[in-house]
Amino acid sequence: MRILAISLDLDDTLWPVTPAIEAAERALDDWLHRHHAAVAAAWPIPAMRVLREQVAAERPDLAHDFTAQRLLTLERAFAACGRGDEHVEAAFAVYFDARNRVECYADALPALAALAARLRLVSISNGNADLARIGLRHHFAHCLSAREVGVAKPSAAIFHAACARLGVAPEHVLHVGDDPLLDVAGARAAGLRTAWLNRDGAAATEAADLEIRDLGELVRWVG
């Protein structure tokens, strides 16, 4: 296959996302205890998670926009305690700052540098990580989020938007990600080549063009 560019998922591809989300939840909870004790008491972390899930279920139109879901969750949490939404932006800023303090997998930084030296890179993420805040933006020609595009993976539209930004036909773009459905099946259906990052050695449920255990394997494959 003739690959001219690579698209990369972010969460659980470049870094494990669960520790970042949990740290963000703790940071928000600590901030609420310091500045809005009544809200913190009413909405401890488990309750805030449930509220977030309720918002997601009630607002399928926001399925592609985790930021909007989180803001609406905070609005409801404050409103339930008789507070207005004037504190929502500050609360979200605390959450978002911590959410972007990620710890990359050991192979990620060397691989990004090596890949960016060979091919143009674009990120495609359903999440709301900010590569500029994280310090990785310089490796990427473009960054696309589901929030920006208006649809989430596995929709073909987000993959096609990435290819359009690159100016490269889908069949010459290799998409790399950890999720068999969102990344492998989604990219394949959009006409891209696919690489499944299978760090844990799970059984394949979707057929990828390439299966790798870490991003160092991808660098060696690119050559």
# chains A, B, ... in the order shown; residues from 1 in each chain; ligands from 1
$ select_by_dssp --residues "range 18-138 of chain A" --states "helix (DSSP H, G or I)" --output "JSON, numbers by chain"
{"A": [18, 19, 20, 21, 22, 23, 24, 25, 26, 27, 28, 29, 30, 31, 32, 33, 34, 35, 37, 38, 39, 40, 41, 42, 45, 46, 47, 48, 49, 50, 51, 52, 53, 54, 55, 56, 57, 58, 60, 61, 62, 66, 67, 68, 69, 70, 71, 72, 73, 74, 75, 76, 77, 78, 79, 80, 85, 86, 87, 88, 89, 90, 91, 92, 93, 94, 95, 96, 97, 98, 99, 108, 109, 110, 111, 112, 113, 114, 115, 116, 117, 118, 131, 132, 133, 134, 137, 138]}
$ residues_around --residues "Thr18 in chain A" --least-positions-apart "6" --cutoff "12 Å" --atoms "only C-alpha atoms" --output "list in words"
Asp11, Asp12, Ala24, Glu25, Arg99, Asn100, Arg101, Val102 and Glu103 of chain A
$ closest_atom_pairs --of "range 39-130 of chain A" --to "range 211-216 of chain A" --cutoff "10 Å" --atoms "only C-alpha atoms" --output "JSON lines"
{"residue": "A:Tyr105", "atom": "CA", "partner": "A:Asp214", "partner_atom": "CA", "distance": 9.1}
{"residue": "A:Ala106", "atom": "CA", "partner": "A:Asp214", "partner_atom": "CA", "distance": 9.4}
{"residue": "A:Asp107", "atom": "CA", "partner": "A:Leu215", "partner_atom": "CA", "distance": 5.9}
{"residue": "A:Ala108", "atom": "CA", "partner": "A:Leu215", "partner_atom": "CA", "distance": 6.3}
{"residue": "A:Leu109", "atom": "CA", "partner": "A:Leu215", "partner_atom": "CA", "distance": 9.3}
{"residue": "A:Pro110", "atom": "CA", "partner": "A:Gly216", "partner_atom": "CA", "distance": 7.9}
{"residue": "A:Ala111", "atom": "CA", "partner": "A:Gly216", "partner_atom": "CA", "distance": 5.8}
{"residue": "A:Leu112", "atom": "CA", "partner": "A:Leu215", "partner_atom": "CA", "distance": 8.4}
{"residue": "A:Ala114", "atom": "CA", "partner": "A:Gly216", "partner_atom": "CA", "distance": 9.2}
{"residue": "A:Leu115", "atom": "CA", "partner": "A:Leu215", "partner_atom": "CA", "distance": 9.5}
$ closest_atom_pairs --of "range 157-193 of chain A" --to "range 121-143 of chain A" --cutoff "9 Å" --atoms "only C-alpha atoms" --output "Markdown table"
| residue | atom | partner | partner_atom | distance |
| --- | --- | --- | --- | --- |
| A:Ile158 | CA | A:Ile124 | CA | 7.5 |
| A:Phe159 | CA | A:Ile124 | CA | 7.5 |
| A:Ala162 | CA | A:Val122 | CA | 6.8 |
| A:Cys163 | CA | A:Val122 | CA | 8.7 |
| A:Arg165 | CA | A:His142 | CA | 7.1 |
| A:Leu166 | CA | A:His142 | CA | 7.6 |
| A:His175 | CA | A:Ile124 | CA | 8.8 |
$ residues_around --residues "His36 in chain A" --least-positions-apart "5" --cutoff "10 Å" --atoms "only C-alpha atoms" --output "ChimeraX atom specification"
/A:29-31,41,78,81,83,87,91
$ write_last_selection --atoms "C-alpha atoms" --output "tab-separated table (two decimals), in the first residue's frame"
chain	number	residue	atom	x	y	z
A	29	ASP	CA	-13.98	17.77	43.09
A	30	ASP	CA	-11.14	19.41	45.05
A	31	TRP	CA	-11.94	22.80	43.49
A	41	ALA	CA	-21.40	17.77	48.96
A	78	PHE	CA	-24.89	24.03	40.06
A	81	CYS	CA	-27.91	23.56	44.40
A	83	ARG	CA	-26.56	28.30	41.91
A	87	HIS	CA	-19.28	29.48	37.84
A	91	ALA	CA	-15.26	24.76	36.97
$ residues_around --residues "range 53-68 of chain A" --least-positions-apart "2" --cutoff "6 Å" --atoms "only C-alpha atoms" --output "ChimeraX atom specification"
/A:50-51,70-71,146-147,151-152
$ residues_around --residues "Leu182 in chain A" --least-positions-apart "4" --cutoff "7 Å" --atoms "only C-alpha atoms" --output "PyMOL selection string"
chain A and resi 153-154+186
$ write_last_selection --atoms "C-alpha atoms" --output "mmCIF file, in the first residue's frame"
data_model
loop_
_atom_site.group_PDB
_atom_site.id
_atom_site.type_symbol
_atom_site.label_atom_id
_atom_site.label_comp_id
_atom_site.auth_asym_id
_atom_site.auth_seq_id
_atom_site.Cartn_x
_atom_site.Cartn_y
_atom_site.Cartn_z
ATOM 1 C CA LYS A 153 -15.982 8.159 14.665
ATOM 2 C CA PRO A 154 -16.911 5.723 13.192
ATOM 3 C CA GLY A 186 -14.759 3.283 10.753
#
$ closest_residue --among "A:Val184, A:Leu174, A:Ala93, A:Ala79" --to "Trp43 in chain A" --atoms "only C-alpha atoms"
A:Ala79
$ select_by_dssp --residues "range 18-201 of chain A" --states "strand (DSSP E)" --output "list in words"
Arg120, Leu121, Val122, Ser123, Ile124, Ser125, His142, Cys143, Leu144, Ser145, Val173, Leu174, His175, Val176, Gly177, Arg193, Thr194, Ala195, Trp196 and Leu197 of chain A
$ closest_residue --among "A:Glu206, A:Leu218, A:Ser155, A:Arg118" --to "Gly191 in chain A" --atoms "only C-alpha atoms"
A:Ser155
$ closest_residue --among "A:Ala208, A:Leu181, A:Leu197, A:Ala27" --to "Asp97 in chain A" --atoms "only C-alpha atoms"
A:Ala27
$ atom_distance --atom1 "CA of Gly223 in chain A" --atom2 "CA of Trp196 in chain A"
17.8 Å
$ decode --residues "range 48-182 of chain A" --atoms "C-alpha atoms" --output "PDB file, in the first residue's frame"
ATOM      1  CA  MET A  48     -21.260  13.609  39.013  1.00  0.00           C
ATOM      2  CA  ARG A  49     -20.439  10.630  36.791  1.00  0.00           C
ATOM      3  CA  VAL A  50     -24.045   9.479  36.885  1.00  0.00           C
ATOM      4  CA  LEU A  51     -25.239  12.977  36.035  1.00  0.00           C
ATOM      5  CA  ARG A  52     -22.800  13.092  33.121  1.00  0.00           C
ATOM      6  CA  GLU A  53     -24.198   9.779  31.836  1.00  0.00           C
ATOM      7  CA  GLN A  54     -27.744  11.102  32.176  1.00  0.00           C
ATOM      8  CA  VAL A  55     -26.859  14.156  30.128  1.00  0.00           C
ATOM      9  CA  ALA A  56     -25.316  11.956  27.441  1.00  0.00           C
ATOM     10  CA  ALA A  57     -28.431   9.762  27.321  1.00  0.00           C
ATOM     11  CA  GLU A  58     -30.807  12.717  27.179  1.00  0.00           C
ATOM     12  CA  ARG A  59     -28.840  14.646  24.574  1.00  0.00           C
ATOM     13  CA  PRO A  60     -27.847  12.287  21.749  1.00  0.00           C
ATOM     14  CA  ASP A  61     -27.399  15.399  19.617  1.00  0.00           C
ATOM     15  CA  LEU A  62     -24.298  16.104  21.734  1.00  0.00           C
ATOM     16  CA  ALA A  63     -22.805  12.624  21.348  1.00  0.00           C
ATOM     17  CA  HIS A  64     -19.946  14.113  19.302  1.00  0.00           C
ATOM     18  CA  ASP A  65     -19.228  16.924  21.772  1.00  0.00           C
ATOM     19  CA  PHE A  66     -17.787  15.867  25.130  1.00  0.00           C
ATOM     20  CA  THR A  67     -17.081  19.474  26.056  1.00  0.00           C
ATOM     21  CA  ALA A  68     -20.731  20.468  25.630  1.00  0.00           C
ATOM     22  CA  GLN A  69     -21.818  17.411  27.619  1.00  0.00           C
ATOM     23  CA  ARG A  70     -19.464  18.295  30.468  1.00  0.00           C
ATOM     24  CA  LEU A  71     -20.570  21.942  30.512  1.00  0.00           C
ATOM     25  CA  LEU A  72     -24.224  20.930  30.612  1.00  0.00           C
ATOM     26  CA  THR A  73     -23.464  18.495  33.445  1.00  0.00           C
ATOM     27  CA  LEU A  74     -21.883  21.278  35.451  1.00  0.00           C
ATOM     28  CA  GLU A  75     -24.779  23.645  34.721  1.00  0.00           C
ATOM     29  CA  ARG A  76     -27.219  21.068  36.098  1.00  0.00           C
ATOM     30  CA  ALA A  77     -25.077  20.352  39.142  1.00  0.00           C
ATOM     31  CA  PHE A  78     -24.887  24.031  40.062  1.00  0.00           C
ATOM     32  CA  ALA A  79     -28.581  24.616  39.292  1.00  0.00           C
ATOM     33  CA  ALA A  80     -29.614  21.721  41.539  1.00  0.00           C
ATOM     34  CA  CYS A  81     -27.914  23.563  44.401  1.00  0.00           C
ATOM     35  CA  GLY A  82     -29.609  26.840  43.586  1.00  0.00           C
ATOM     36  CA  ARG A  83     -26.563  28.301  41.914  1.00  0.00           C
ATOM     37  CA  GLY A  84     -26.465  30.047  38.558  1.00  0.00           C
ATOM     38  CA  ASP A  85     -24.197  29.064  35.707  1.00  0.00           C
ATOM     39  CA  GLU A  86     -21.740  31.929  36.250  1.00  0.00           C
ATOM     40  CA  HIS A  87     -19.285  29.483  37.839  1.00  0.00           C
ATOM     41  CA  VAL A  88     -19.550  26.798  35.161  1.00  0.00           C
ATOM     42  CA  GLU A  89     -16.751  28.081  32.934  1.00  0.00           C
ATOM     43  CA  ALA A  90     -14.330  28.269  35.857  1.00  0.00           C
ATOM     44  CA  ALA A  91     -15.258  24.760  36.969  1.00  0.00           C
ATOM     45  CA  PHE A  92     -14.791  23.411  33.469  1.00  0.00           C
ATOM     46  CA  ALA A  93     -11.427  25.142  33.147  1.00  0.00           C
ATOM     47  CA  VAL A  94     -10.211  23.256  36.220  1.00  0.00           C
ATOM     48  CA  TYR A  95     -11.452  19.971  34.797  1.00  0.00           C
ATOM     49  CA  PHE A  96     -10.082  20.612  31.316  1.00  0.00           C
ATOM     50  CA  ASP A  97      -6.650  21.639  32.539  1.00  0.00           C
ATOM     51  CA  ALA A  98      -6.273  18.397  34.495  1.00  0.00           C
ATOM     52  CA  ARG A  99      -7.753  16.313  31.679  1.00  0.00           C
ATOM     53  CA  ASN A 100      -4.904  17.504  29.443  1.00  0.00           C
ATOM     54  CA  ARG A 101      -2.154  16.553  31.871  1.00  0.00           C
ATOM     55  CA  VAL A 102      -1.715  13.165  30.264  1.00  0.00           C
ATOM     56  CA  GLU A 103       1.139  10.704  30.596  1.00  0.00           C
ATOM     57  CA  CYS A 104       2.039   9.364  27.180  1.00  0.00           C
ATOM     58  CA  TYR A 105       2.911   5.745  26.579  1.00  0.00           C
ATOM     59  CA  ALA A 106       6.680   5.260  26.508  1.00  0.00           C
ATOM     60  CA  ASP A 107       6.675   4.584  22.771  1.00  0.00           C
ATOM     61  CA  ALA A 108       4.502   7.568  21.818  1.00  0.00           C
ATOM     62  CA  LEU A 109       6.908  10.530  21.875  1.00  0.00           C
ATOM     63  CA  PRO A 110       9.780   8.874  19.970  1.00  0.00           C
ATOM     64  CA  ALA A 111       7.300   7.467  17.459  1.00  0.00           C
ATOM     65  CA  LEU A 112       5.607  10.806  16.862  1.00  0.00           C
ATOM     66  CA  ALA A 113       8.936  12.492  16.203  1.00  0.00           C
ATOM     67  CA  ALA A 114      10.022   9.749  13.822  1.00  0.00           C
ATOM     68  CA  LEU A 115       6.706   9.564  11.984  1.00  0.00           C
ATOM     69  CA  ALA A 116       6.366  13.341  11.615  1.00  0.00           C
ATOM     70  CA  ALA A 117       9.824  13.434  10.042  1.00  0.00           C
ATOM     71  CA  ARG A 118       8.638  11.024   7.340  1.00  0.00           C
ATOM     72  CA  LEU A 119       4.944  11.714   6.740  1.00  0.00           C
ATOM     73  CA  ARG A 120       2.281  14.311   7.457  1.00  0.00           C
ATOM     74  CA  LEU A 121       0.223  13.486  10.532  1.00  0.00           C
ATOM     75  CA  VAL A 122      -3.359  14.383  11.407  1.00  0.00           C
ATOM     76  CA  SER A 123      -5.151  13.572  14.649  1.00  0.00           C
ATOM     77  CA  ILE A 124      -8.746  12.322  14.638  1.00  0.00           C
ATOM     78  CA  SER A 125     -10.369  12.129  18.050  1.00  0.00           C
ATOM     79  CA  ASN A 126     -13.840  11.759  19.510  1.00  0.00           C
ATOM     80  CA  GLY A 127     -12.496  13.231  22.739  1.00  0.00           C
ATOM     81  CA  ASN A 128     -11.611  16.777  23.710  1.00  0.00           C
ATOM     82  CA  ALA A 129      -7.894  16.504  24.388  1.00  0.00           C
ATOM     83  CA  ASP A 130      -5.944  19.608  23.387  1.00  0.00           C
ATOM     84  CA  LEU A 131      -2.646  18.749  21.710  1.00  0.00           C
ATOM     85  CA  ALA A 132      -1.354  22.293  22.129  1.00  0.00           C
ATOM     86  CA  ARG A 133      -1.880  22.156  25.896  1.00  0.00           C
ATOM     87  CA  ILE A 134      -0.328  18.706  26.028  1.00  0.00           C
ATOM     88  CA  GLY A 135       2.694  19.878  24.023  1.00  0.00           C
ATOM     89  CA  LEU A 136       2.346  17.625  20.989  1.00  0.00           C
ATOM     90  CA  ARG A 137       0.720  19.947  18.467  1.00  0.00           C
ATOM     91  CA  HIS A 138       3.967  20.544  16.543  1.00  0.00           C
ATOM     92  CA  HIS A 139       4.017  16.942  15.345  1.00  0.00           C
ATOM     93  CA  PHE A 140       0.709  17.289  13.498  1.00  0.00           C
ATOM     94  CA  ALA A 141      -0.155  19.047  10.264  1.00  0.00           C
ATOM     95  CA  HIS A 142      -3.818  19.128  11.330  1.00  0.00           C
ATOM     96  CA  CYS A 143      -5.956  18.203  14.327  1.00  0.00           C
ATOM     97  CA  LEU A 144      -9.595  17.185  13.993  1.00  0.00           C
ATOM     98  CA  SER A 145     -12.078  16.559  16.775  1.00  0.00           C
ATOM     99  CA  ALA A 146     -15.606  15.220  16.611  1.00  0.00           C
ATOM    100  CA  ARG A 147     -16.760  18.461  18.201  1.00  0.00           C
ATOM    101  CA  GLU A 148     -15.254  20.502  15.379  1.00  0.00           C
ATOM    102  CA  VAL A 149     -16.480  18.303  12.537  1.00  0.00           C
ATOM    103  CA  GLY A 150     -19.936  17.701  14.016  1.00  0.00           C
ATOM    104  CA  VAL A 151     -19.806  13.903  13.852  1.00  0.00           C
ATOM    105  CA  ALA A 152     -17.823  11.278  15.716  1.00  0.00           C
ATOM    106  CA  LYS A 153     -15.982   8.159  14.665  1.00  0.00           C
ATOM    107  CA  PRO A 154     -16.911   5.723  13.192  1.00  0.00           C
ATOM    108  CA  SER A 155     -18.718   8.119  10.822  1.00  0.00           C
ATOM    109  CA  ALA A 156     -16.958   8.309   7.475  1.00  0.00           C
ATOM    110  CA  ALA A 157     -17.403  12.082   7.496  1.00  0.00           C
ATOM    111  CA  ILE A 158     -14.728  12.719  10.110  1.00  0.00           C
ATOM    112  CA  PHE A 159     -12.201  10.553   8.268  1.00  0.00           C
ATOM    113  CA  HIS A 160     -13.018  12.226   4.971  1.00  0.00           C
ATOM    114  CA  ALA A 161     -12.622  15.632   6.622  1.00  0.00           C
ATOM    115  CA  ALA A 162      -9.130  14.644   7.735  1.00  0.00           C
ATOM    116  CA  CYS A 163      -8.209  13.474   4.246  1.00  0.00           C
ATOM    117  CA  ALA A 164      -9.525  16.732   2.796  1.00  0.00           C
ATOM    118  CA  ARG A 165      -7.397  18.758   5.226  1.00  0.00           C
ATOM    119  CA  LEU A 166      -4.369  16.763   4.140  1.00  0.00           C
ATOM    120  CA  GLY A 167      -5.257  16.914   0.463  1.00  0.00           C
ATOM    121  CA  VAL A 168      -4.635  13.182   0.239  1.00  0.00           C
ATOM    122  CA  ALA A 169      -7.032  10.540  -1.108  1.00  0.00           C
ATOM    123  CA  PRO A 170      -8.359   8.163   1.591  1.00  0.00           C
ATOM    124  CA  GLU A 171      -6.661   5.104   0.098  1.00  0.00           C
ATOM    125  CA  HIS A 172      -3.278   6.754   0.705  1.00  0.00           C
ATOM    126  CA  VAL A 173      -3.940   7.571   4.364  1.00  0.00           C
ATOM    127  CA  LEU A 174      -3.236   5.043   7.120  1.00  0.00           C
ATOM    128  CA  HIS A 175      -5.412   5.480  10.196  1.00  0.00           C
ATOM    129  CA  VAL A 176      -3.935   4.222  13.463  1.00  0.00           C
ATOM    130  CA  GLY A 177      -6.039   3.636  16.571  1.00  0.00           C
ATOM    131  CA  ASP A 178      -6.835   1.305  19.433  1.00  0.00           C
ATOM    132  CA  ASP A 179     -10.583   0.810  18.942  1.00  0.00           C
ATOM    133  CA  PRO A 180     -11.640  -1.975  16.546  1.00  0.00           C
ATOM    134  CA  LEU A 181     -15.013  -0.370  15.825  1.00  0.00           C
ATOM    135  CA  LEU A 182     -14.342   3.374  15.962  1.00  0.00           C
TER     136      LEU A 182
END
